[in-house]
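Enquirer: start-v7.pdb is reproduced below (PDB, C-alpha atoms).
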```
MODEL        1
ATOM      1  CA  MET A   1       0.000   0.000   0.000
ATOM      2  CA  LYS A   2       1.501   3.317  -1.034
ATOM      3  CA  GLN A   3       0.404   6.909  -0.720
ATOM      4  CA  ILE A   4      -0.413   8.479  -4.060
ATOM      5  CA  SER A   5      -1.949  11.728  -2.911
ATOM      6  CA  THR A   6      -3.727  13.568  -0.148
ATOM      7  CA  PHE A   7      -7.434  14.203  -0.067
ATOM      8  CA  GLY A   8      -6.851  17.866  -0.784
ATOM      9  CA  GLY A   9      -4.839  17.096  -3.903
ATOM     10  CA  SER A  10      -6.873  14.153  -5.151
ATOM     11  CA  GLY A  11      -9.803  15.807  -6.852
ATOM     12  CA  TYR A  12     -12.327  13.876  -4.748
ATOM     13  CA  GLN A  13     -15.094  15.852  -3.072
ATOM     14  CA  ILE A  14     -16.774  15.696   0.349
ATOM     15  CA  SER A  15     -19.937  14.564  -1.474
ATOM     16  CA  ASP A  16     -18.054  11.404  -2.500
ATOM     17  CA  LEU A  17     -17.878  10.326   1.147
ATOM     18  CA  GLN A  18     -21.120   8.853   2.466
ATOM     19  CA  LEU A  19     -20.345   9.668   6.096
ATOM     20  CA  LEU A  20     -19.939  13.364   5.280
ATOM     21  CA  ARG A  21     -22.714  13.913   2.747
ATOM     22  CA  ASN A  22     -25.316  16.645   3.279
ATOM     23  CA  SER A  23     -22.893  18.772   5.248
ATOM     24  CA  ASP A  24     -23.660  22.444   5.790
ATOM     25  CA  ASP A  25     -19.986  23.359   5.342
ATOM     26  CA  ASP A  26     -18.153  21.143   2.855
ATOM     27  CA  ALA A  27     -15.273  23.595   2.673
ATOM     28  CA  ALA A  28     -14.506  23.327   6.405
ATOM     29  CA  LEU A  29     -14.597  19.541   6.293
ATOM     30  CA  ALA A  30     -12.429  19.450   3.174
ATOM     31  CA  LYS A  31      -9.888  21.641   4.947
ATOM     32  CA  LEU A  32      -9.732  19.221   7.891
ATOM     33  CA  LEU A  33      -9.267  16.267   5.530
ATOM     34  CA  ALA A  34      -6.845  18.008   3.183
ATOM     35  CA  HIS A  35      -3.728  16.304   4.528
ATOM     36  CA  CYS A  36      -5.244  12.824   4.968
ATOM     37  CA  PRO A  37      -3.430  10.295   2.767
ATOM     38  CA  VAL A  38      -5.014   8.617  -0.224
ATOM     39  CA  MET A  39      -3.476   5.154  -0.525
ATOM     40  CA  LEU A  40      -3.299   2.899  -3.575
ATOM     41  CA  LEU A  41      -3.896  -0.846  -3.163
ATOM     42  CA  GLU A  42      -3.351  -3.321  -5.940
ATOM     43  CA  SER A  43      -5.816  -6.167  -6.402
ATOM     44  CA  GLY A  44      -5.359  -8.747  -3.636
ATOM     45  CA  GLN A  45      -3.199  -6.432  -1.526
ATOM     46  CA  ALA A  46      -4.011  -6.175   2.187
ATOM     47  CA  VAL A  47      -4.185  -2.947   4.138
ATOM     48  CA  ALA A  48      -1.174  -2.669   6.413
ATOM     49  CA  GLU A  49      -1.917  -2.182  10.117
ATOM     50  CA  SER A  50      -5.628  -2.822   9.585
ATOM     51  CA  ASN A  51      -5.816  -3.555  13.303
ATOM     52  CA  ARG A  52      -5.228   0.114  14.138
ATOM     53  CA  ALA A  53      -8.126   2.399  15.089
ATOM     54  CA  ARG A  54      -8.603   4.207  11.775
ATOM     55  CA  LEU A  55     -11.397   5.058   9.400
ATOM     56  CA  TYR A  56     -10.960   3.779   5.838
ATOM     57  CA  ILE A  57     -13.137   5.215   3.054
ATOM     58  CA  VAL A  58     -13.109   3.663  -0.413
ATOM     59  CA  LEU A  59     -12.715   6.317  -3.113
ATOM     60  CA  ARG A  60     -12.310   3.939  -6.047
ATOM     61  CA  GLY A  61     -12.432   0.162  -6.381
ATOM     62  CA  ALA A  62     -13.670  -2.225  -3.667
ATOM     63  CA  LEU A  63     -12.434  -3.758  -0.419
ATOM     64  CA  SER A  64     -13.088  -7.098   1.241
ATOM     65  CA  VAL A  65     -13.328  -6.977   5.047
ATOM     66  CA  ALA A  66     -13.203 -10.077   7.276
ATOM     67  CA  THR A  67     -14.374 -10.097  10.890
ATOM     68  CA  ASP A  68     -11.890 -10.509  13.716
ATOM     69  CA  THR A  69     -11.144 -14.173  14.393
ATOM     70  CA  ARG A  70      -9.903 -13.378  17.898
ATOM     71  CA  THR A  71     -13.158 -12.080  19.334
ATOM     72  CA  GLY A  72     -14.940 -15.419  19.374
ATOM     73  CA  MET A  73     -17.637 -14.009  17.091
ATOM     74  CA  ALA A  74     -16.030 -14.787  13.742
ATOM     75  CA  ASP A  75     -18.068 -16.963  11.408
ATOM     76  CA  GLY A  76     -16.339 -16.446   8.111
ATOM     77  CA  THR A  77     -18.431 -13.367   7.279
ATOM     78  CA  VAL A  78     -16.809 -11.147   4.644
ATOM     79  CA  SER A  79     -18.194  -7.713   3.753
ATOM     80  CA  LYS A  80     -17.669  -5.871   0.473
ATOM     81  CA  ILE A  81     -16.989  -2.131   0.765
ATOM     82  CA  LEU A  82     -17.759  -0.059  -2.344
ATOM     83  CA  PRO A  83     -16.831   3.543  -3.340
ATOM     84  CA  GLY A  84     -18.054   6.083  -0.816
ATOM     85  CA  GLU A  85     -18.494   3.441   1.875
ATOM     86  CA  SER A  86     -16.325   3.143   4.942
ATOM     87  CA  VAL A  87     -14.982   0.619   7.400
ATOM     88  CA  GLY A  88     -13.366   0.931  10.823
ATOM     89  CA  GLU A  89     -15.993   3.135  12.462
ATOM     90  CA  GLN A  90     -16.402   0.885  15.470
ATOM     91  CA  SER A  91     -12.660   0.626  16.031
ATOM     92  CA  VAL A  92     -12.528   4.419  16.215
ATOM     93  CA  LEU A  93     -15.482   4.664  18.605
ATOM     94  CA  ASP A  94     -14.419   1.967  21.053
ATOM     95  CA  GLU A  95     -10.657   2.103  20.398
ATOM     96  CA  GLU A  96     -10.688  -1.667  19.868
ATOM     97  CA  ALA A  97      -9.546  -3.275  16.645
ATOM     98  CA  ASN A  98     -12.415  -5.402  15.301
ATOM     99  CA  LEU A  99     -11.113  -6.307  11.857
ATOM    100  CA  SER A 100      -8.775  -9.115  10.970
ATOM    101  CA  SER A 101      -8.039  -8.124   7.383
ATOM    102  CA  ILE A 102      -8.889  -5.561   4.741
ATOM    103  CA  THR A 103      -8.010  -6.626   1.213
ATOM    104  CA  ALA A 104      -8.482  -4.940  -2.150
ATOM    105  CA  LEU A 105     -10.771  -6.863  -4.486
ATOM    106  CA  GLU A 106      -9.441  -4.779  -7.381
ATOM    107  CA  GLN A 107      -7.061  -1.823  -7.739
ATOM    108  CA  SER A 108      -8.451   0.643  -5.215
ATOM    109  CA  GLU A 109      -7.875   4.083  -3.755
ATOM    110  CA  VAL A 110      -8.580   4.465  -0.056
ATOM    111  CA  LEU A 111      -8.764   7.544   2.144
ATOM    112  CA  VAL A 112      -7.245   6.922   5.583
ATOM    113  CA  ILE A 113      -8.435   9.058   8.514
ATOM    114  CA  GLU A 114      -6.794   8.677  11.923
ATOM    115  CA  ALA A 115      -9.031   8.259  14.971
ATOM    116  CA  ASP A 116      -8.202  11.625  16.560
ATOM    117  CA  LEU A 117      -9.191  13.432  13.360
ATOM    118  CA  VAL A 118     -12.491  11.528  13.221
ATOM    119  CA  TRP A 119     -13.327  12.854  16.682
ATOM    120  CA  LYS A 120     -12.317  16.370  15.594
ATOM    121  CA  LEU A 121     -14.639  16.081  12.595
ATOM    122  CA  ILE A 122     -17.460  15.088  14.956
ATOM    123  CA  ASP A 123     -16.691  18.137  17.130
ATOM    124  CA  GLU A 124     -16.567  20.493  14.139
ATOM    125  CA  SER A 125     -19.686  19.237  12.370
ATOM    126  CA  ASN A 126     -22.534  17.025  13.523
ATOM    127  CA  VAL A 127     -23.069  15.653   9.992
ATOM    128  CA  LEU A 128     -20.547  12.873  10.623
ATOM    129  CA  ALA A 129     -22.210  11.980  13.920
ATOM    130  CA  ARG A 130     -25.669  11.873  12.282
ATOM    131  CA  ASN A 131     -24.535   9.761   9.354
ATOM    132  CA  LEU A 132     -22.502   7.518  11.629
ATOM    133  CA  LEU A 133     -25.542   6.871  13.817
ATOM    134  CA  ARG A 134     -27.622   6.008  10.759
ATOM    135  CA  LEU A 135     -24.911   3.672   9.486
ATOM    136  CA  LEU A 136     -24.460   1.906  12.813
ATOM    137  CA  SER A 137     -28.235   1.603  13.244
ATOM    138  CA  PHE A 138     -28.469  -0.070   9.837
ATOM    139  CA  ARG A 139     -25.625  -2.430  10.701
ATOM    140  CA  ILE A 140     -27.207  -3.330  14.041
ATOM    141  CA  ARG A 141     -30.495  -4.196  12.300
ATOM    142  CA  ALA A 142     -28.615  -6.247   9.713
ATOM    143  CA  ALA A 143     -26.624  -8.009  12.437
ATOM    144  CA  ASN A 144     -29.818  -8.784  14.386
ATOM    145  CA  ALA A 145     -31.453 -10.211  11.278
ATOM    146  CA  GLN A 146     -28.374 -12.333  10.627
ATOM    147  CA  LEU A 147     -28.359 -13.494  14.250
ATOM    148  CA  ARG A 148     -32.002 -14.578  13.973
ATOM    149  CA  ARG A 149     -31.195 -16.520  10.820
ATOM    150  CA  ARG A 150     -28.274 -18.215  12.566
ATOM    151  CA  GLN A 151     -30.449 -19.057  15.555
ATOM    152  CA  LYS A 152     -33.013 -20.669  13.281
ATOM    153  CA  LEU A 153     -30.256 -22.537  11.464
ATOM    154  CA  GLY A 154     -28.750 -23.605  14.769
ATOM    155  CA  GLU A 155     -32.117 -24.905  15.949
ATOM    156  CA  PHE A 156     -32.528 -26.736  12.641
ATOM    157  CA  TYR A 157     -29.182 -28.478  13.091
ATOM    158  CA  ARG A 158     -29.935 -29.177  16.751
ATOM    159  CA  GLN A 159     -33.172 -30.854  15.719
ATOM    160  CA  LEU A 160     -31.324 -32.680  12.948
ATOM    161  CA  SER A 161     -28.868 -34.049  15.501
ATOM    162  CA  MET A 162     -31.835 -35.524  17.380
ATOM    163  CA  ILE A 163     -32.952 -37.652  14.405
ATOM    164  CA  ASP A 164     -31.649 -41.120  13.593
ATOM    165  CA  GLY A 165     -30.220 -40.984  10.091
ATOM    166  CA  LEU A 166     -31.267 -44.504   9.069
ATOM    167  CA  THR A 167     -34.847 -44.697  10.310
ATOM    168  CA  GLY A 168     -35.920 -41.059  10.630
ATOM    169  CA  LEU A 169     -37.063 -41.717  14.200
ATOM    170  CA  TYR A 170     -35.868 -39.710  17.167
ATOM    171  CA  ASN A 171     -32.546 -40.949  18.504
ATOM    172  CA  ARG A 172     -31.057 -41.674  21.924
ATOM    173  CA  ALA A 173     -29.858 -38.077  22.315
ATOM    174  CA  TRP A 174     -33.432 -36.840  21.885
ATOM    175  CA  LEU A 175     -34.647 -39.412  24.410
ATOM    176  CA  ASN A 176     -32.039 -38.402  26.980
ATOM    177  CA  ASP A 177     -33.006 -34.774  26.501
ATOM    178  CA  LEU A 178     -36.805 -35.061  26.512
ATOM    179  CA  LEU A 179     -37.806 -38.122  28.520
ATOM    180  CA  PRO A 180     -36.815 -36.700  31.943
ATOM    181  CA  THR A 181     -38.979 -33.651  31.224
ATOM    182  CA  MET A 182     -41.891 -35.801  30.061
ATOM    183  CA  VAL A 183     -41.646 -37.936  33.213
ATOM    184  CA  ALA A 184     -41.427 -34.898  35.494
ATOM    185  CA  THR A 185     -44.432 -33.307  33.772
ATOM    186  CA  ALA A 186     -46.486 -36.490  34.070
ATOM    187  CA  GLN A 187     -45.554 -36.923  37.737
ATOM    188  CA  GLY A 188     -46.349 -33.302  38.494
ATOM    189  CA  SER A 189     -49.759 -33.380  36.815
ATOM    190  CA  HIS A 190     -50.574 -36.994  37.786
ATOM    191  CA  ALA A 191     -51.126 -37.723  34.083
ATOM    192  CA  PRO A 192     -50.461 -41.201  32.681
ATOM    193  CA  LEU A 193     -47.399 -41.862  30.560
ATOM    194  CA  ALA A 194     -46.831 -45.178  28.797
ATOM    195  CA  LEU A 195     -43.675 -46.552  27.246
ATOM    196  CA  ILE A 196     -43.402 -49.435  24.794
ATOM    197  CA  MET A 197     -40.030 -51.107  24.322
ATOM    198  CA  ILE A 198     -39.675 -52.933  20.993
ATOM    199  CA  ASP A 199     -37.062 -55.400  19.781
ATOM    200  CA  LEU A 200     -37.007 -56.932  16.307
ATOM    201  CA  ASP A 201     -37.025 -60.711  16.649
ATOM    202  CA  HIS A 202     -33.939 -62.703  15.630
ATOM    203  CA  PHE A 203     -32.511 -59.662  13.866
ATOM    204  CA  LYS A 204     -28.967 -61.068  13.748
ATOM    205  CA  LYS A 205     -30.279 -64.133  11.954
ATOM    206  CA  PHE A 206     -32.168 -61.863   9.554
ATOM    207  CA  ASN A 207     -28.947 -59.970   8.797
ATOM    208  CA  ASP A 208     -27.012 -63.196   8.335
ATOM    209  CA  SER A 209     -29.647 -64.575   5.951
ATOM    210  CA  HIS A 210     -30.378 -61.481   3.876
ATOM    211  CA  GLY A 211     -27.364 -59.197   4.365
ATOM    212  CA  HIS A 212     -26.869 -55.935   6.204
ATOM    213  CA  LEU A 213     -28.440 -53.812   3.465
ATOM    214  CA  ALA A 214     -31.609 -55.856   3.852
ATOM    215  CA  GLY A 215     -31.257 -55.414   7.601
ATOM    216  CA  ASP A 216     -31.157 -51.637   7.180
ATOM    217  CA  GLN A 217     -34.263 -51.815   5.000
ATOM    218  CA  ALA A 218     -35.989 -53.938   7.646
ATOM    219  CA  LEU A 219     -35.202 -51.294  10.269
ATOM    220  CA  ARG A 220     -36.647 -48.613   8.002
ATOM    221  CA  ALA A 221     -39.751 -50.703   7.403
ATOM    222  CA  ALA A 222     -40.202 -51.252  11.150
ATOM    223  CA  ALA A 223     -39.736 -47.539  11.811
ATOM    224  CA  HIS A 224     -42.376 -46.751   9.200
ATOM    225  CA  VAL A 225     -44.821 -49.090  10.949
ATOM    226  CA  LEU A 226     -44.325 -47.142  14.171
ATOM    227  CA  SER A 227     -44.391 -43.619  12.761
ATOM    228  CA  SER A 228     -47.414 -44.254  10.536
ATOM    229  CA  ALA A 229     -49.532 -45.851  13.278
ATOM    230  CA  LEU A 230     -49.064 -43.332  16.094
ATOM    231  CA  ARG A 231     -50.934 -40.205  17.077
ATOM    232  CA  PRO A 232     -49.334 -36.785  16.482
ATOM    233  CA  THR A 233     -48.775 -36.541  20.242
ATOM    234  CA  ASP A 234     -46.841 -39.840  20.425
ATOM    235  CA  PHE A 235     -43.124 -40.303  19.841
ATOM    236  CA  ALA A 236     -41.123 -43.102  18.224
ATOM    237  CA  VAL A 237     -37.439 -43.500  19.066
ATOM    238  CA  ARG A 238     -34.631 -45.702  17.804
ATOM    239  CA  TYR A 239     -33.207 -46.767  21.141
ATOM    240  CA  GLY A 240     -30.194 -48.552  19.673
ATOM    241  CA  GLY A 241     -29.452 -51.293  17.170
ATOM    242  CA  GLU A 242     -32.712 -53.135  16.488
ATOM    243  CA  GLU A 243     -34.376 -51.771  19.632
ATOM    244  CA  MET A 244     -37.023 -49.096  19.297
ATOM    245  CA  MET A 245     -39.293 -47.329  21.715
ATOM    246  CA  VAL A 246     -42.663 -45.614  21.652
ATOM    247  CA  LEU A 247     -43.709 -42.945  24.156
ATOM    248  CA  LEU A 248     -47.439 -42.437  24.698
ATOM    249  CA  PRO A 249     -48.297 -39.360  26.799
ATOM    250  CA  ASP A 250     -51.698 -39.292  28.520
ATOM    251  CA  THR A 251     -52.185 -42.992  27.806
ATOM    252  CA  SER A 252     -53.475 -45.600  30.251
ATOM    253  CA  ASP A 253     -52.311 -49.188  30.679
ATOM    254  CA  LYS A 254     -55.208 -50.613  28.716
ATOM    255  CA  VAL A 255     -54.824 -48.260  25.763
ATOM    256  CA  ALA A 256     -51.042 -48.697  25.685
ATOM    257  CA  VAL A 257     -51.380 -52.483  25.479
ATOM    258  CA  ALA A 258     -53.929 -52.083  22.661
ATOM    259  CA  VAL A 259     -51.526 -49.796  20.788
ATOM    260  CA  ALA A 260     -48.701 -52.317  21.233
ATOM    261  CA  GLU A 261     -50.885 -55.176  19.964
ATOM    262  CA  ARG A 262     -51.833 -53.138  16.913
ATOM    263  CA  LEU A 263     -48.163 -52.363  16.229
ATOM    264  CA  CYS A 264     -47.263 -56.037  16.665
ATOM    265  CA  GLU A 265     -49.844 -57.056  14.071
ATOM    266  CA  ARG A 266     -48.772 -54.379  11.611
ATOM    267  CA  MET A 267     -45.139 -55.351  12.029
ATOM    268  CA  GLN A 268     -45.953 -58.863  10.812
ATOM    269  CA  GLN A 269     -47.511 -57.381   7.688
ATOM    270  CA  ALA A 270     -44.698 -54.934   6.924
ATOM    271  CA  VAL A 271     -43.112 -55.345   3.500
ATOM    272  CA  VAL A 272     -39.350 -55.078   3.672
ATOM    273  CA  PHE A 273     -38.853 -55.200  -0.112
ATOM    274  CA  GLY A 274     -41.388 -54.579  -2.830
ATOM    275  CA  ASP A 275     -39.701 -56.782  -5.421
ATOM    276  CA  MET A 276     -42.299 -59.495  -5.972
ATOM    277  CA  ARG A 277     -39.874 -61.607  -8.036
ATOM    278  CA  GLN A 278     -38.165 -62.691  -4.815
ATOM    279  CA  PRO A 279     -39.519 -64.220  -1.592
ATOM    280  CA  LEU A 280     -40.250 -61.377   0.777
ATOM    281  CA  PRO A 281     -38.307 -61.455   4.022
ATOM    282  CA  HIS A 282     -40.539 -60.431   6.913
ATOM    283  CA  VAL A 283     -39.779 -59.228  10.385
ATOM    284  CA  THR A 284     -41.613 -59.590  13.646
ATOM    285  CA  ALA A 285     -41.033 -57.844  16.949
ATOM    286  CA  SER A 286     -41.544 -58.318  20.659
ATOM    287  CA  PHE A 287     -43.180 -55.563  22.701
ATOM    288  CA  GLY A 288     -42.865 -54.667  26.374
ATOM    289  CA  VAL A 289     -45.351 -52.169  27.846
ATOM    290  CA  ALA A 290     -44.988 -50.195  31.060
ATOM    291  CA  THR A 291     -46.757 -47.174  32.480
ATOM    292  CA  LEU A 292     -45.289 -44.597  34.804
ATOM    293  CA  GLN A 293     -45.859 -45.284  38.477
ATOM    294  CA  ALA A 294     -45.802 -42.798  41.330
ATOM    295  CA  GLY A 295     -42.241 -41.963  42.324
ATOM    296  CA  GLN A 296     -40.687 -43.525  39.232
ATOM    297  CA  ASP A 297     -38.034 -41.708  37.238
ATOM    298  CA  GLU A 298     -37.217 -42.241  33.563
ATOM    299  CA  SER A 299     -34.662 -44.971  34.283
ATOM    300  CA  ALA A 300     -37.166 -46.991  36.313
ATOM    301  CA  LEU A 301     -39.808 -46.593  33.611
ATOM    302  CA  ILE A 302     -37.403 -47.860  30.923
ATOM    303  CA  ALA A 303     -36.350 -50.744  33.160
ATOM    304  CA  ALA A 304     -39.989 -51.732  33.675
ATOM    305  CA  ALA A 305     -40.674 -51.750  29.935
ATOM    306  CA  ASP A 306     -37.442 -53.628  29.319
ATOM    307  CA  GLY A 307     -38.494 -56.253  31.841
ATOM    308  CA  ALA A 308     -41.824 -56.677  30.062
ATOM    309  CA  LEU A 309     -39.987 -56.973  26.740
ATOM    310  CA  TYR A 310     -37.801 -59.736  28.182
ATOM    311  CA  ARG A 311     -40.939 -61.583  29.266
ATOM    312  CA  ALA A 312     -42.411 -61.270  25.751
ATOM    313  CA  LYS A 313     -39.288 -62.908  24.370
ATOM    314  CA  GLU A 314     -39.457 -65.704  26.932
ATOM    315  CA  LEU A 315     -43.053 -66.378  25.936
ATOM    316  CA  GLY A 316     -42.051 -66.976  22.303
ATOM    317  CA  ARG A 317     -41.516 -63.497  20.781
ATOM    318  CA  ASN A 318     -43.792 -61.757  18.277
ATOM    319  CA  ARG A 319     -46.112 -60.754  21.086
ATOM    320  CA  VAL A 320     -46.901 -58.103  23.700
ATOM    321  CA  ALA A 321     -46.177 -58.361  27.416
ATOM    322  CA  HIS A 322     -47.188 -55.865  30.067
ATOM    323  CA  HIS A 323     -45.160 -54.969  33.138
ATOM    324  CA  ASP A 324     -46.817 -56.474  36.205
ATOM    325  CA  THR A 325     -46.810 -53.753  38.839
ATOM    326  CA  THR A 326     -47.888 -56.239  41.498
ATOM    327  CA  ALA A 327     -44.855 -58.509  41.008
ATOM    328  CA  PRO A 328     -41.509 -57.702  42.632
ATOM    329  CA  ASP A 329     -38.872 -56.207  40.332
ATOM    330  CA  GLN A 330     -36.212 -58.565  39.099
ATOM    331  CA  PRO A 331     -32.721 -57.857  40.431
TER     332      PRO A 331
ENDMDL
END
```
Would you give me this structure, written as structure tokens?
Expert:
Amino acid sequence: MKQISTFGGSGYQISDLQLLRNSDDDAALAKLLAHCPVMLLESGQAVAESNRARLYIVLRGALSVATDTRTGMADGTVSKILPGESVGEQSVLDEEANLSSITALEQSEVLVIEADLVWKLIDESNVLARNLLRLLSFRIRAANAQLRRRQKLGEFYRQLSMIDGLTGLYNRAWLNDLLPTMVATAQGSHAPLALIMIDLDHFKKFNDSHGHLAGDQALRAAAHVLSSALRPTDFAVRYGGEEMMVLLPDTSDKVAVAVAERLCERMQQAVVFGDMRQPLPHVTASFGVATLQAGQDESALIAAADGALYRAKELGRNRVAHHDTTAPDQP
């Protein structure tokens, strides 16, 4: 970056500078800026000492400005500064460097104003203060809008991280996050909460017979059975491997068992592959049903459903078993 002129000898006018437009005394402002250097930057050249508290105004060409990577707020945002526009206002106001780099996008001429002169300009004429307030207000609104977009994007990715990629059901992370709240809400309001634990029968044998790709398709088919048969208020979760889970808020023992029996029947009818030229492999599942009891937490509720599931397997699989609240818990 080299000095090619001063503002007074450059031929540029106060009206070329957005921050000083509509001044009542252009001559006085031009006099104050007369000795400010006009610097030439070749395309791709960075501004030296861009971390100093200075005001840079583009007279010709365009600059690329990256946010400071040291503040913890950097996100790769790059701004383009066009003729008449400025950068560095905040660094002048708070005496903190907030730019990591200023680079010319093409051959550019830049007016450089030191911080103490910026404050003198504000003292001499309120036009800079007015325009600066308008500019900062615009940037604050733009930053707020960008923050809202990032928050929405962040929530989207947070939700995405709660979904099992293979089946489209909620995953274990979602369960760990939401189930304690659901249990606490049910306990606090004395509302019923049912949980159905599901395990695909002989799934290892299925994988061995038909291959892991077929196993993945079987998991997707089973997940579809669950998601298509539940109410909008119910939740289906891939608990891990071939184990799945259904949460039924505001659902009694009797209704939960009926839901499980319906799911068991539909699972038997699920089509894993639609290619009718080959024998269709089918899957069945065992179901364990438990409902939240007074004083239970989420771990005890899962354990109760898991115990019922184990009993369904002992009874021959492809069936529903309900947790017996009158029997002692197994160690």
Enquirer: Determine, for each residue of segment 193-281 of chain A having at least one atom at most 10 Å from an atom of segment 175-183 of chain A, the closest pair of atoms and their separation in Å to one decimal, counting all atoms listed in the file; order by chain and ascending number, as JSON lines.
Expert:
```
{"residue": "A:Leu193", "atom": "CA", "partner": "A:Val183", "partner_atom": "CA", "distance": 7.5}
{"residue": "A:Ala194", "atom": "CA", "partner": "A:Val183", "partner_atom": "CA", "distance": 9.9}
{"residue": "A:Phe235", "atom": "CA", "partner": "A:Leu175", "partner_atom": "CA", "distance": 9.7}
{"residue": "A:Ala236", "atom": "CA", "partner": "A:Leu175", "partner_atom": "CA", "distance": 9.7}
{"residue": "A:Val237", "atom": "CA", "partner": "A:Leu175", "partner_atom": "CA", "distance": 7.3}
{"residue": "A:Arg238", "atom": "CA", "partner": "A:Leu175", "partner_atom": "CA", "distance": 9.1}
{"residue": "A:Tyr239", "atom": "CA", "partner": "A:Leu175", "partner_atom": "CA", "distance": 8.2}
{"residue": "A:Met245", "atom": "CA", "partner": "A:Leu175", "partner_atom": "CA", "distance": 9.6}
{"residue": "A:Leu247", "atom": "CA", "partner": "A:Leu179", "partner_atom": "CA", "distance": 8.8}
{"residue": "A:Pro249", "atom": "CA", "partner": "A:Met182", "partner_atom": "CA", "distance": 8.0}
```
Enquirer: Evaluate the PyMOL selection byres ((chain A and resi 60-63) around 7) against this structure - the residues, as a list in words, please.
Expert: Val58, Leu59, Ser64, Val65, Lys80, Ile81, Leu82, Pro83, Ile102, Thr103, Ala104, Leu105, Glu106, Gln107, Ser108 and Glu109 of chain A
Enquirer: Tell me which protein, DNA and RNA residues are within 12 Å of Val255 of chain A, counting all atoms listed in the file, leaving out same-chain ones fewer than 6 positions away, and put them as number ranges by chain.
Expert: A: 192-196, 248-249, 261-262, 289-291, 322
Enquirer: Give me, please, the distance in Å between atom CA of Arg54 of chain A and atom CA of Ser101 of chain A, quoted to one decimal.
Expert: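 The value is 13.1 Å.
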Enquirer: Report, in Å to a single decimal, how far apart atom CA of Leu135 of chain A and atom CA of Met1 of chain A are.
Expert: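 Separation between atom CA of Met1 of chain A and atom CA of Leu135 of chain A: 26.9 Å.
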Enquirer: When the PyMOL selection byres ((chain A and resi 33) around 9) is applied to the structure above, which residues does it catch, written out as a ChimeraX atom specification?
Expert: /A:6-8,28-32,34-37,113,117,121
Enquirer: Kindly give the distance, in Å, that separates atom CA of Ile57 of chain A and atom CA of Gln146 of chain A, rounded to a single decimal.
Expert: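 Distance between the two atoms: 24.4 Å.
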Enquirer: Within 12 Å of Ser125 of chain A, counting only C-alpha atoms, which residues show up once you throw out same-chain ones fewer than 4 positions away? Write them as a list in words, please.
Expert: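 Counting only the stated atoms, we get Leu19, Leu20, Arg21, Asn22, Ser23, Asp24, Asp25, Asp26, Ala27, Ala28, Leu29, Ala30, Leu32, Val118, Trp119, Lys120, Leu121, Ala129, Arg130 and Asn131 of chain A.
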Enquirer: How would you write, as number ranges by chain, the residues chosen by the PyMOL selection byres ((chain A and resi 225) around 8) on this structure?
Expert: A: 221-224, 226-229, 263, 266-267, 270
Enquirer: Between A:Gln293, A:Asp94, A:Glu243, A:Gln45, which residue has the minimum interatomic distance to Arg172 of chain A, considering all atoms listed in the file?
Expert: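 Looking only at the distances to Arg172 of chain A, the closest residue turns out to be A:Glu243.
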Enquirer: Hey, which of A:Ala303, A:Leu128, A:Leu40, A:Ala48 ends up closest to Met197 of chain A? Count only C-alpha atoms.
Expert: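 Nearest candidate to Met197 of chain A out of A:Ala303, A:Leu128, A:Leu40, A:Ala48: A:Ala303.
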Enquirer: Which of these, A:Ala305, A:Val320, A:Val87, A:Ala312, has the shortest distance to Ala258 of chain A once you count only C-alpha atoms?
Expert: A:Val320
Enquirer: Calculated over all atoms listed in the file, which of the candidates A:Ala142, A:Leu166, A:Leu93, A:Cys264 has the smallest distance to Gly215 of chain A?
Expert: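 When distances to Gly215 of chain A are compared using all atoms listed in the file, the smallest one comes from A:Leu166.
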Enquirer: As lines of an AutoDock Vina configuration file, what would the box around segment 239-257 of chain A look like: edges along x, y and z, 6 Å added on every side, centre and edge lengths in Å to one decimal?
Expert:
```
center_x = -42.3
center_y = -46.2
center_z = 23.6
size_x = 37.8
size_y = 25.8
size_z = 26.2
```
Enquirer: Would you please work out which residue, of A:Ala321, A:Ala260, A:Ala186, A:Val283, is nearest to Asn207 of chain A when using only C-alpha atoms?
Expert: A:Val283
Enquirer: With the input short on atoms, add N, CA, C and O atoms back to segment 242-247 of chain A and write it as an mmCIF file, in the frame of the given file.
Expert:
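That gives us rebuild.cif:
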```cif
data_model
loop_
_atom_site.group_PDB
_atom_site.id
_atom_site.type_symbol
_atom_site.label_atom_id
_atom_site.label_comp_id
_atom_site.auth_asym_id
_atom_site.auth_seq_id
_atom_site.Cartn_x
_atom_site.Cartn_y
_atom_site.Cartn_z
ATOM 1 N N GLU A 242 -31.360 -52.783 16.944
ATOM 2 C CA GLU A 242 -32.712 -53.135 16.488
ATOM 3 C C GLU A 242 -33.773 -52.842 17.538
ATOM 4 O O GLU A 242 -34.927 -53.261 17.390
ATOM 5 N N GLU A 243 -33.413 -52.126 18.589
ATOM 6 C CA GLU A 243 -34.376 -51.771 19.632
ATOM 7 C C GLU A 243 -34.984 -50.400 19.347
ATOM 8 O O GLU A 243 -34.272 -49.450 19.009
ATOM 9 N N MET A 244 -36.304 -50.348 19.485
ATOM 10 C CA MET A 244 -37.023 -49.096 19.297
ATOM 11 C C MET A 244 -37.928 -48.867 20.496
ATOM 12 O O MET A 244 -38.110 -49.748 21.342
ATOM 13 N N MET A 245 -38.487 -47.690 20.554
ATOM 14 C CA MET A 245 -39.293 -47.329 21.715
ATOM 15 C C MET A 245 -40.411 -46.400 21.260
ATOM 16 O O MET A 245 -40.231 -45.597 20.338
ATOM 17 N N VAL A 246 -41.545 -46.515 21.905
ATOM 18 C CA VAL A 246 -42.663 -45.614 21.652
ATOM 19 C C VAL A 246 -43.084 -44.981 22.979
ATOM 20 O O VAL A 246 -43.246 -45.690 23.980
ATOM 21 N N LEU A 247 -43.245 -43.676 22.981
ATOM 22 C CA LEU A 247 -43.709 -42.945 24.156
ATOM 23 C C LEU A 247 -45.126 -42.465 23.906
ATOM 24 O O LEU A 247 -45.405 -41.837 22.873
#
```
